[in-house]
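Here's work_31.csv, which has CSV, C-alpha atoms:
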```
chain,number,residue,atom,x,y,z
A,1,MET,CA,-225.4,82.8,16.4
A,2,ASN,CA,-223.2,85.9,16.7
A,3,GLY,CA,-224.4,89.5,16.3
A,4,TYR,CA,-223.6,89.9,12.6
A,5,GLU,CA,-225.4,86.6,11.7
A,6,ALA,CA,-228.4,87.6,13.8
A,7,VAL,CA,-228.7,91.0,12.1
A,8,VAL,CA,-228.4,89.4,8.6
A,9,ARG,CA,-231.0,86.8,9.6
A,10,ALA,CA,-233.4,89.6,10.7
A,11,LEU,CA,-232.9,91.4,7.4
A,12,GLN,CA,-233.6,88.3,5.4
A,13,LYS,CA,-236.8,87.5,7.3
A,14,ALA,CA,-238.1,91.1,7.1
A,15,ARG,CA,-240.9,92.3,4.9
A,16,PRO,CA,-239.5,94.0,1.7
A,17,ASP,CA,-240.7,97.4,3.1
A,18,GLY,CA,-239.6,96.6,6.6
A,19,LEU,CA,-235.8,96.5,6.3
A,20,LEU,CA,-235.3,99.6,8.4
A,21,THR,CA,-237.6,98.4,11.2
A,22,ALA,CA,-235.8,95.0,11.3
A,23,LEU,CA,-232.4,96.7,11.2
A,24,ARG,CA,-233.2,99.0,14.1
A,25,GLY,CA,-234.4,96.2,16.2
A,26,ALA,CA,-231.5,93.9,15.5
A,27,LEU,CA,-228.8,96.5,15.9
A,28,GLY,CA,-230.4,97.7,19.1
A,29,THR,CA,-230.5,94.1,20.5
A,30,HIS,CA,-227.1,92.9,19.4
A,31,TYR,CA,-225.0,96.1,19.2
A,32,GLU,CA,-226.7,98.4,21.7
A,33,ALA,CA,-227.4,100.9,18.9
A,34,LEU,CA,-229.2,104.0,20.2
A,35,ALA,CA,-230.4,105.1,16.7
A,36,VAL,CA,-230.2,103.8,13.2
A,37,ASP,CA,-230.9,105.7,10.0
A,38,LEU,CA,-230.8,104.6,6.3
A,39,LEU,CA,-230.4,107.3,3.6
A,40,LEU,CA,-230.6,106.6,-0.1
A,41,ALA,CA,-229.2,108.7,-3.0
A,42,ASP,CA,-231.8,110.3,-5.1
A,43,TYR,CA,-232.0,109.8,-8.9
A,44,GLY,CA,-230.1,113.0,-9.6
A,45,MET,CA,-227.3,112.0,-7.2
A,46,THR,CA,-227.6,115.4,-5.4
A,47,ALA,CA,-229.4,114.5,-2.2
A,48,LEU,CA,-229.5,111.7,0.4
A,49,CYS,CA,-233.1,110.9,1.3
A,50,TYR,CA,-234.1,109.2,4.6
A,51,VAL,CA,-236.0,105.9,4.6
A,52,THR,CA,-238.7,106.5,7.3
A,53,GLU,CA,-241.1,104.6,9.4
A,54,PRO,CA,-244.8,105.2,8.6
A,55,GLU,CA,-245.1,107.7,11.5
A,56,GLU,CA,-241.9,109.7,10.6
A,57,ASP,CA,-241.8,112.7,8.3
A,58,PRO,CA,-239.8,112.5,5.0
A,59,ARG,CA,-236.4,114.2,5.2
A,60,GLN,CA,-233.4,114.7,3.0
A,61,HIS,CA,-230.2,116.7,2.8
A,62,SER,CA,-227.5,117.6,0.4
A,63,LEU,CA,-225.1,114.9,-0.7
A,64,PHE,CA,-222.3,117.5,-1.1
A,65,ASN,CA,-222.0,119.3,2.2
A,66,SER,CA,-222.8,116.8,4.9
A,67,ALA,CA,-220.9,114.1,6.9
A,68,ASP,CA,-223.3,111.5,5.3
A,69,GLY,CA,-222.4,112.8,1.9
A,70,ARG,CA,-218.7,112.4,2.7
A,71,ALA,CA,-219.2,108.8,3.6
A,72,PHE,CA,-221.1,108.3,0.4
A,73,GLY,CA,-218.6,110.0,-1.8
A,74,SER,CA,-215.5,108.5,-0.2
A,75,GLN,CA,-217.1,105.0,0.0
A,76,ALA,CA,-215.3,104.7,3.4
A,77,ARG,CA,-216.4,104.3,7.0
A,78,LEU,CA,-216.5,107.6,9.0
A,79,VAL,CA,-216.6,107.5,12.8
A,80,GLU,CA,-217.6,110.7,14.7
A,81,LYS,CA,-216.6,110.4,18.4
A,82,PHE,CA,-218.3,112.4,21.2
A,83,ALA,CA,-216.0,111.6,24.2
A,84,GLY,CA,-217.9,113.9,26.6
A,85,ALA,CA,-221.2,112.4,25.8
A,86,GLY,CA,-219.9,108.8,25.7
A,87,ARG,CA,-221.2,108.0,22.3
A,88,ALA,CA,-220.2,107.7,18.6
A,89,ILE,CA,-221.9,108.0,15.3
A,90,VAL,CA,-220.7,105.6,12.6
A,91,ARG,CA,-221.5,106.3,8.9
A,92,LEU,CA,-221.1,103.4,6.4
A,93,PRO,CA,-221.5,103.4,2.7
A,94,VAL,CA,-224.2,101.0,1.4
A,95,SER,CA,-223.1,99.7,-2.0
A,96,VAL,CA,-223.4,96.6,-4.1
A,97,ARG,CA,-220.5,95.7,-6.4
A,98,GLY,CA,-219.6,99.4,-6.7
A,99,ASP,CA,-223.2,100.6,-7.2
A,100,ARG,CA,-223.6,103.3,-4.5
A,101,LEU,CA,-227.0,103.1,-3.0
A,102,GLY,CA,-226.8,105.2,0.2
A,103,VAL,CA,-225.5,105.5,3.7
A,104,LEU,CA,-226.2,103.6,7.0
A,105,VAL,CA,-225.9,105.8,10.1
A,106,VAL,CA,-225.6,104.0,13.5
A,107,GLU,CA,-225.3,105.8,16.9
A,108,LEU,CA,-223.5,103.8,19.5
A,109,PRO,CA,-223.4,104.3,23.4
A,110,PHE,CA,-219.7,104.5,23.6
A,111,SER,CA,-217.1,106.9,22.1
A,112,GLU,CA,-214.5,104.3,21.2
A,113,PRO,CA,-216.2,101.5,19.2
A,114,ALA,CA,-214.1,98.3,19.1
A,115,PRO,CA,-212.5,97.5,15.7
A,116,SER,CA,-214.4,94.2,15.6
A,117,LEU,CA,-217.7,96.0,16.0
A,118,LEU,CA,-216.8,98.4,13.2
A,119,ARG,CA,-215.9,95.5,11.0
A,120,ASP,CA,-219.3,93.9,11.7
A,121,LEU,CA,-221.1,97.1,10.9
A,122,GLU,CA,-219.3,97.3,7.5
A,123,ARG,CA,-220.3,93.8,6.7
A,124,ILE,CA,-223.9,94.6,7.8
A,125,ALA,CA,-224.0,97.6,5.5
A,126,ARG,CA,-222.9,95.4,2.6
A,127,ALA,CA,-225.5,92.8,3.4
A,128,LEU,CA,-228.1,95.6,3.6
A,129,GLY,CA,-227.2,96.7,0.1
A,130,HIS,CA,-227.9,93.3,-1.3
A,131,GLU,CA,-231.2,93.1,0.6
A,132,LEU,CA,-232.3,96.5,-0.8
A,133,ILE,CA,-231.7,95.3,-4.3
A,134,VAL,CA,-233.8,92.2,-3.7
A,135,ALA,CA,-236.5,94.1,-1.9
A,136,GLU,CA,-237.0,96.6,-4.8
A,137,ARG,CA,-238.5,93.7,-6.8
A,138,ASP,CA,-241.4,93.5,-4.3
A,139,THR,CA,-242.0,97.0,-3.0
A,140,ASP,CA,-242.1,100.6,-4.3
A,141,LEU,CA,-240.9,102.1,-1.0
A,142,TYR,CA,-237.2,102.6,-1.8
A,143,ARG,CA,-237.8,103.9,-5.3
A,144,ALA,CA,-240.3,106.4,-3.9
A,145,VAL,CA,-237.9,107.5,-1.2
A,146,ARG,CA,-235.2,108.2,-3.8
A,147,ARG,CA,-237.1,110.8,-5.7
A,148,ARG,CA,-236.9,114.5,-4.8
A,149,ASP,CA,-239.4,115.3,-7.5
A,150,ARG,CA,-242.0,113.5,-9.6
A,151,LEU,CA,-240.5,111.4,-12.4
A,152,THR,CA,-242.1,111.8,-15.8
A,153,LEU,CA,-243.5,108.5,-17.1
A,154,ALA,CA,-240.7,108.4,-19.7
A,155,ALA,CA,-238.1,108.8,-17.0
A,156,GLU,CA,-239.7,106.1,-14.9
A,157,MET,CA,-239.5,103.7,-17.8
A,158,GLN,CA,-235.9,104.6,-18.5
A,159,TRP,CA,-234.7,104.1,-14.9
A,160,ASP,CA,-236.3,100.7,-14.7
A,161,LEU,CA,-234.6,99.7,-17.9
A,162,LEU,CA,-231.1,100.5,-16.6
A,163,ALA,CA,-228.6,97.8,-15.4
A,164,GLY,CA,-227.3,100.0,-12.5
A,165,ARG,CA,-225.3,103.2,-12.1
A,166,ALA,CA,-221.9,101.6,-11.2
A,167,TYR,CA,-220.1,98.3,-11.2
A,168,GLU,CA,-216.7,97.3,-9.8
A,169,CYS,CA,-214.6,94.2,-10.3
A,170,GLN,CA,-210.9,93.4,-10.5
A,171,GLU,CA,-210.5,94.2,-14.2
A,172,TYR,CA,-212.5,97.4,-14.5
A,173,GLY,CA,-214.9,99.9,-12.9
A,174,ILE,CA,-217.9,101.5,-14.4
A,175,GLY,CA,-219.9,104.6,-13.5
A,176,ALA,CA,-222.9,106.2,-15.4
A,177,GLN,CA,-225.5,108.9,-15.0
A,178,LEU,CA,-228.3,110.5,-17.0
A,179,GLU,CA,-229.7,114.0,-16.9
A,180,PRO,CA,-232.2,115.5,-16.5
A,181,ALA,CA,-232.6,112.7,-14.0
A,182,TYR,CA,-236.3,113.3,-13.5
A,183,ALA,CA,-237.3,113.8,-17.1
A,184,ILE,CA,-235.0,111.7,-19.3
A,185,ARG,CA,-236.4,110.5,-22.6
A,186,GLY,CA,-234.4,108.2,-24.8
A,187,ASP,CA,-230.8,108.0,-23.8
A,188,ASN,CA,-229.7,104.8,-22.1
A,189,PHE,CA,-226.7,102.7,-21.0
A,190,ASP,CA,-226.5,98.9,-20.4
A,191,TRP,CA,-223.8,96.4,-19.6
A,192,SER,CA,-223.4,92.7,-18.9
A,193,ALA,CA,-220.3,91.6,-17.0
A,194,GLY,CA,-218.9,88.1,-17.6
A,195,SER,CA,-215.7,86.2,-16.7
A,196,ASP,CA,-214.6,86.3,-20.3
A,197,ARG,CA,-216.4,89.3,-21.7
A,198,LEU,CA,-217.8,92.8,-20.8
A,199,LEU,CA,-220.6,93.9,-23.2
A,200,LEU,CA,-221.5,97.6,-23.0
A,201,SER,CA,-224.0,99.7,-25.0
A,202,VAL,CA,-224.6,103.4,-25.0
A,203,THR,CA,-227.8,104.6,-26.6
A,204,ASN,CA,-228.8,108.0,-27.9
A,205,GLY,CA,-232.6,107.8,-28.3
A,206,MET,CA,-234.7,109.7,-30.9
A,207,GLY,CA,-237.8,111.7,-30.1
A,208,GLU,CA,-239.6,113.0,-27.1
A,209,GLY,CA,-241.4,111.7,-24.0
A,210,ILE,CA,-243.1,108.3,-24.1
A,211,GLU,CA,-242.3,107.7,-27.8
A,212,ALA,CA,-238.6,108.1,-27.2
A,213,SER,CA,-238.7,105.8,-24.1
A,214,LEU,CA,-240.7,103.1,-25.9
A,215,LEU,CA,-238.3,103.2,-28.8
A,216,THR,CA,-235.3,102.8,-26.6
A,217,SER,CA,-236.9,100.1,-24.5
A,218,LEU,CA,-237.6,98.1,-27.7
A,219,ALA,CA,-234.0,98.5,-28.9
A,220,VAL,CA,-232.3,97.7,-25.5
A,221,ASN,CA,-234.5,94.6,-25.0
A,222,ALA,CA,-233.7,93.5,-28.6
A,223,LEU,CA,-230.0,93.9,-27.9
A,224,ARG,CA,-230.3,92.0,-24.7
A,225,ASN,CA,-232.2,89.2,-26.4
A,226,ALA,CA,-229.5,88.8,-29.0
A,227,ARG,CA,-226.7,89.1,-26.5
A,228,ARG,CA,-228.2,86.5,-24.2
A,229,ALA,CA,-228.5,84.2,-27.2
A,230,GLY,CA,-224.8,84.3,-27.6
A,231,VAL,CA,-224.7,85.8,-31.1
A,232,PRO,CA,-221.6,87.9,-32.3
A,233,LEU,CA,-221.6,91.6,-31.7
A,234,ALA,CA,-222.3,92.7,-35.3
A,235,ASP,CA,-225.3,90.3,-35.4
A,236,GLN,CA,-226.6,91.7,-32.1
A,237,ALA,CA,-226.8,95.1,-33.8
A,238,ALA,CA,-228.4,93.5,-36.9
A,239,LEU,CA,-231.1,91.7,-34.9
A,240,ALA,CA,-232.0,94.8,-33.0
A,241,ASP,CA,-232.0,96.8,-36.2
A,242,LYS,CA,-234.6,94.3,-37.6
A,243,ALA,CA,-236.7,94.6,-34.5
A,244,VAL,CA,-236.9,98.4,-34.7
A,245,TYR,CA,-237.4,98.5,-38.4
A,246,ALA,CA,-240.2,95.9,-38.2
A,247,GLN,CA,-242.0,98.1,-35.7
A,248,HIS,CA,-241.5,101.5,-37.2
A,249,GLY,CA,-240.6,100.9,-40.9
A,250,GLY,CA,-237.7,103.4,-40.9
A,251,GLU,CA,-239.7,106.3,-39.6
A,252,ARG,CA,-238.1,106.0,-36.1
A,253,TYR,CA,-234.6,104.9,-35.3
A,254,LEU,CA,-231.9,105.3,-32.7
A,255,GLU,CA,-228.1,105.5,-32.4
A,256,VAL,CA,-226.1,103.0,-30.4
A,257,LEU,CA,-222.4,102.4,-29.7
A,258,LEU,CA,-221.9,98.7,-28.9
A,259,LEU,CA,-218.7,97.4,-27.4
A,260,SER,CA,-217.3,94.0,-26.4
A,261,PHE,CA,-214.2,93.9,-24.1
A,262,ASP,CA,-211.9,90.9,-23.5
A,263,PRO,CA,-210.7,91.3,-19.9
A,264,ALA,CA,-207.7,89.1,-20.5
A,265,THR,CA,-206.2,91.0,-23.5
A,266,GLY,CA,-207.9,94.4,-23.6
A,267,GLU,CA,-209.1,93.7,-27.1
A,268,VAL,CA,-212.3,95.5,-28.0
A,269,GLN,CA,-214.9,94.9,-30.7
A,270,VAL,CA,-217.0,97.9,-31.6
A,271,VAL,CA,-220.1,98.5,-33.7
A,272,ASP,CA,-220.7,102.3,-34.1
A,273,ALA,CA,-224.3,102.7,-35.1
A,274,GLY,CA,-224.7,106.4,-34.6
A,275,SER,CA,-223.7,109.4,-32.6
A,276,PRO,CA,-222.5,108.4,-29.0
A,277,ARG,CA,-218.8,109.2,-28.8
A,278,LEU,CA,-215.8,107.7,-27.0
A,279,TYR,CA,-213.0,109.7,-25.4
A,280,VAL,CA,-210.0,108.0,-23.9
A,281,LEU,CA,-207.8,109.4,-21.1
A,282,ARG,CA,-204.3,107.9,-21.4
A,283,ASP,CA,-201.1,109.4,-19.9
A,284,ASP,CA,-202.8,112.7,-19.1
A,285,THR,CA,-204.0,113.0,-22.8
A,286,VAL,CA,-207.6,112.9,-23.9
A,287,THR,CA,-208.2,111.6,-27.4
A,288,ARG,CA,-211.5,111.0,-29.2
A,289,TYR,CA,-211.6,107.6,-30.8
A,290,PRO,CA,-213.1,108.0,-34.3
A,291,PHE,CA,-215.0,104.9,-35.4
A,292,GLU,CA,-216.5,104.1,-38.8
A,293,ALA,CA,-220.1,105.2,-38.3
A,294,GLN,CA,-222.7,102.8,-39.6
A,295,MET,CA,-226.5,103.1,-40.0
A,296,PRO,CA,-228.5,103.8,-36.8
A,297,LEU,CA,-230.7,100.9,-35.7
A,298,GLY,CA,-234.0,100.8,-37.6
A,299,MET,CA,-233.2,103.4,-40.2
A,300,ALA,CA,-233.1,101.0,-43.2
A,301,GLU,CA,-234.2,97.4,-43.9
A,302,ASP,CA,-231.7,94.5,-43.6
A,303,THR,CA,-228.7,96.7,-42.6
A,304,VAL,CA,-225.4,94.8,-42.4
A,305,TYR,CA,-223.1,95.7,-39.5
A,306,THR,CA,-219.4,95.1,-39.2
A,307,ALA,CA,-217.4,95.0,-36.0
A,308,GLN,CA,-214.2,97.2,-35.7
A,309,HIS,CA,-211.4,96.5,-33.3
A,310,PHE,CA,-209.1,98.5,-31.0
A,311,SER,CA,-207.2,97.8,-27.7
A,312,VAL,CA,-207.3,99.3,-24.3
A,313,GLN,CA,-204.4,99.4,-21.8
A,314,PRO,CA,-204.4,99.1,-18.0
A,315,GLY,CA,-204.8,102.6,-16.6
A,316,ASP,CA,-207.0,103.8,-19.5
A,317,ARG,CA,-210.1,105.8,-18.7
A,318,LEU,CA,-212.9,105.6,-21.3
A,319,VAL,CA,-215.6,108.2,-21.3
A,320,PHE,CA,-218.7,107.8,-23.4
A,321,VAL,CA,-221.1,110.7,-24.0
A,322,SER,CA,-224.3,111.3,-25.9
A,323,ASP,CA,-224.9,114.3,-28.2
A,324,GLY,CA,-226.6,116.1,-25.3
A,325,VAL,CA,-223.1,116.4,-23.9
A,326,PHE,CA,-220.7,117.0,-26.8
A,327,ASP,CA,-223.2,119.2,-28.8
A,328,ALA,CA,-224.2,121.3,-25.8
A,329,HIS,CA,-224.1,125.1,-26.2
A,330,GLY,CA,-223.1,127.6,-23.5
A,331,GLY,CA,-221.7,131.0,-23.1
A,332,SER,CA,-218.8,130.2,-25.4
A,333,PRO,CA,-219.3,130.1,-29.2
A,334,ASP,CA,-217.7,126.6,-29.1
A,335,LEU,CA,-219.7,123.5,-28.4
A,336,PHE,CA,-218.9,121.7,-25.1
A,337,GLY,CA,-217.3,118.9,-27.0
A,338,VAL,CA,-214.8,121.0,-28.8
A,339,ARG,CA,-212.4,121.7,-25.9
A,340,ALA,CA,-214.3,121.9,-22.6
A,341,LEU,CA,-215.2,118.2,-22.6
A,342,ALA,CA,-211.6,117.1,-22.9
A,343,ARG,CA,-210.6,119.5,-20.0
A,344,SER,CA,-213.5,118.2,-17.9
A,345,ILE,CA,-212.4,114.5,-18.5
A,346,LEU,CA,-208.8,115.4,-17.6
A,347,SER,CA,-209.9,117.1,-14.4
A,348,THR,CA,-211.4,113.8,-13.2
A,349,ARG,CA,-208.3,111.7,-13.4
A,350,LEU,CA,-208.0,111.4,-9.5
A,351,LEU,CA,-211.7,110.4,-9.1
A,352,PRO,CA,-213.1,106.9,-9.2
A,353,ALA,CA,-215.2,105.8,-12.2
A,354,ALA,CA,-218.4,106.1,-10.2
A,355,SER,CA,-217.8,109.8,-9.5
A,356,VAL,CA,-216.8,110.8,-13.0
A,357,PRO,CA,-220.2,111.2,-14.7
A,358,GLN,CA,-221.5,113.5,-12.0
A,359,GLU,CA,-218.3,115.7,-12.3
A,360,VAL,CA,-218.6,115.9,-16.1
A,361,LEU,CA,-222.3,116.8,-15.9
A,362,ARG,CA,-221.5,119.4,-13.3
A,363,ASN,CA,-218.9,121.0,-15.6
A,364,LEU,CA,-221.5,120.8,-18.4
A,365,ALA,CA,-224.0,122.7,-16.3
A,366,ASP,CA,-221.4,125.4,-15.5
A,367,TYR,CA,-220.6,125.6,-19.2
A,368,ARG,CA,-224.2,126.1,-20.2
A,369,GLN,CA,-224.4,129.2,-17.9
A,370,GLY,CA,-228.2,128.7,-17.5
A,371,VAL,CA,-228.8,127.8,-21.1
A,372,ARG,CA,-231.5,125.2,-21.1
A,373,SER,CA,-230.8,121.9,-22.9
A,374,GLU,CA,-233.5,120.3,-25.0
A,375,ASP,CA,-231.7,116.9,-25.0
A,376,ASP,CA,-230.8,114.2,-22.6
A,377,ALA,CA,-227.2,114.2,-21.4
A,378,LEU,CA,-225.5,110.8,-20.8
A,379,VAL,CA,-222.1,110.1,-19.5
A,380,VAL,CA,-220.6,106.6,-18.9
A,381,CYS,CA,-217.0,106.1,-17.5
A,382,LEU,CA,-215.1,102.9,-17.8
A,383,ASP,CA,-211.7,102.6,-15.9
A,384,TRP,CA,-209.8,99.7,-17.4
A,385,ARG,CA,-207.4,97.8,-15.1
A,386,GLY,CA,-207.1,94.5,-17.0
A,387,LYS,CA,-206.1,91.2,-15.6
A,388,GLY,CA,-203.7,91.5,-12.6
```

Would you mind writing the structure in this file as structure tokens?
Amino acid sequence: MNGYEAVVRALQKARPDGLLTALRGALGTHYEALAVDLLLADYGMTALCYVTEPEEDPRQHSLFNSADGRAFGSQARLVEKFAGAGRAIVRLPVSVRGDRLGVLVVELPFSEPAPSLLRDLERIARALGHELIVAERDTDLYRAVRRRDRLTLAAEMQWDLLAGRAYECQEYGIGAQLEPAYAIRGDNFDWSAGSDRLLLSVTNGMGEGIEASLLTSLAVNALRNARRAGVPLADQAALADKAVYAQHGGERYLEVLLLSFDPATGEVQVVDAGSPRLYVLRDDTVTRYPFEAQMPLGMAEDTVYTAQHFSVQPGDRLVFVSDGVFDAHGGSPDLFGVRALARSILSTRLLPAASVPQEVLRNLADYRQGVRSEDDALVVCLDWRGKG
């Protein structure tokens, strides 16, 4: 058994809350590691938080002005060499299919790590990401580490409902983020990636607190139930509409944008049941796609939904936003969605999809100039590459 296989075996045999302990022991034994740290990105994507042993104090630092943050943001290995001390520090992104979880930091007792060793460490970081995802089913440790502040109960429910915050494959890349991260209420995003279809939903919830979260949870799970049954897109909306109406009798409803993408052709089916908006960046031009708005889910009994159609092209960037983004007020008399949102999207054209939501939300915060928002802000970015 080589070193890589031994480390992976140790991770697989470790307790769910003991991945760091197992990793430190295995990397020390098989790669002579002097120190090993694992940092996870917090819910707001502003800090990297250390996973600690029971006797260690919790620590965290900024994601934006640190070497660890550079490895996280670039999603590339960084090697810091200390020739005089005869050691090196290797920082490696920990990600799963584009979903950026954190950073693995390994200190080695030599200043020129061999290329084969660095390749092994990269593979170990990828294996660690998968083990973290599996371990989160059985322990609260990693969710607890990721919070800089206490989550509201509504936010806890919403984060557990999400599919992930990013996804990458050959045909497309997705990134998404919600604010306020520690107190979100009803906004939500969801996707399902298949070989012949990408299904994406963007939800703008109604209400406050637990009521908003419960309403969104009902709708998202109704949509998933219909989607997994293989029914057409318009019928997915209709079945979710029935579920929400049966529970609330039209007194509570929510707005959803449903999309189904064909990776082979770029053809898209859309059901626009409310307010989430789509902006497309193509050839340095940002255009809002106006769809025919239909009734929100649960507003009326037995609503009939119709799918519309449009096409995306390789190189298109699609940005979906909730009304907490495009209707936001700031120092200007204009709403953020009038001109500032298009400028913000255009400014992201060199960033990967996973980084776009944070950049748009940062621009939104600057635009508000301290004006407090009473609504969730949701941004989802889809970079379309199509079949190669």

>> Can you measure CA of Asp68 in chain A to CA of Thr46 in chain A for me? One decimal in Å is fine.
In response: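 Straight-line distance from CA of Asp68 in chain A to CA of Thr46 in chain A works out to 12.2 Å.
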
Give me the range 45-108 of chain A side of the contact with range 352-356 of chain A, cut-off 9 Å, one line per residue showing its nearest atom pair and distance in Å at one decimal, counting all atoms listed in the file, sorted by chain and residue number, as a tab-separated table.
```
residue	atom	partner	partner_atom	distance
A:Gly73	CA	A:Ser355	CA	7.7
A:Gly98	CA	A:Ala354	CA	7.7
A:Asp99	CA	A:Ala354	CA	7.9
A:Arg100	CA	A:Ala354	CA	8.2
```

> CA of Glu301 in chain A to CA of Tyr245 in chain A: how many Å, to one decimal?
Replying inline: 6.5 Å

>> Would you pick out the contacts of Ile89 in chain A at 12 Å or less, using all atoms listed in the file, so that residues sharing its chain but fewer than 5 positions from it are not included, and give the list as a ChimeraX atom specification?
In response: /A:33-37,67-68,77-83,104-113,118,121

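Nearest residue to Val7 in chain A among A:Arg123, A:Ser62, A:Leu233, A:Gly69 is A:Arg123, counting only C-alpha atoms.
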
>> I want to know what sits within 6 Å of range 194-201 of chain A, based on all atoms listed in the file, with residues of the same chain fewer than 5 positions away left out; could you give that as a list of chain:residue names?
In response: A:Phe189, A:Leu257, A:Leu258, A:Leu259, A:Ser260, A:Phe261, A:Asp262

>> Would you pick out the contacts of Ala264 in chain A at 7 Å or less, using all atoms listed in the file, so that residues sharing its chain but fewer than 2 positions from it are not included, and give the list as a list in words?
In response: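 Counting all atoms listed in the file, the residues come to Asp262, Gly266, Gly386 and Lys387 of chain A.
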
> In Å, how far is it from CA of Leu364 in chain A to CA of Ala193 in chain A?
Replying inline: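 Distance reported for this atom pair: 29.3 Å.
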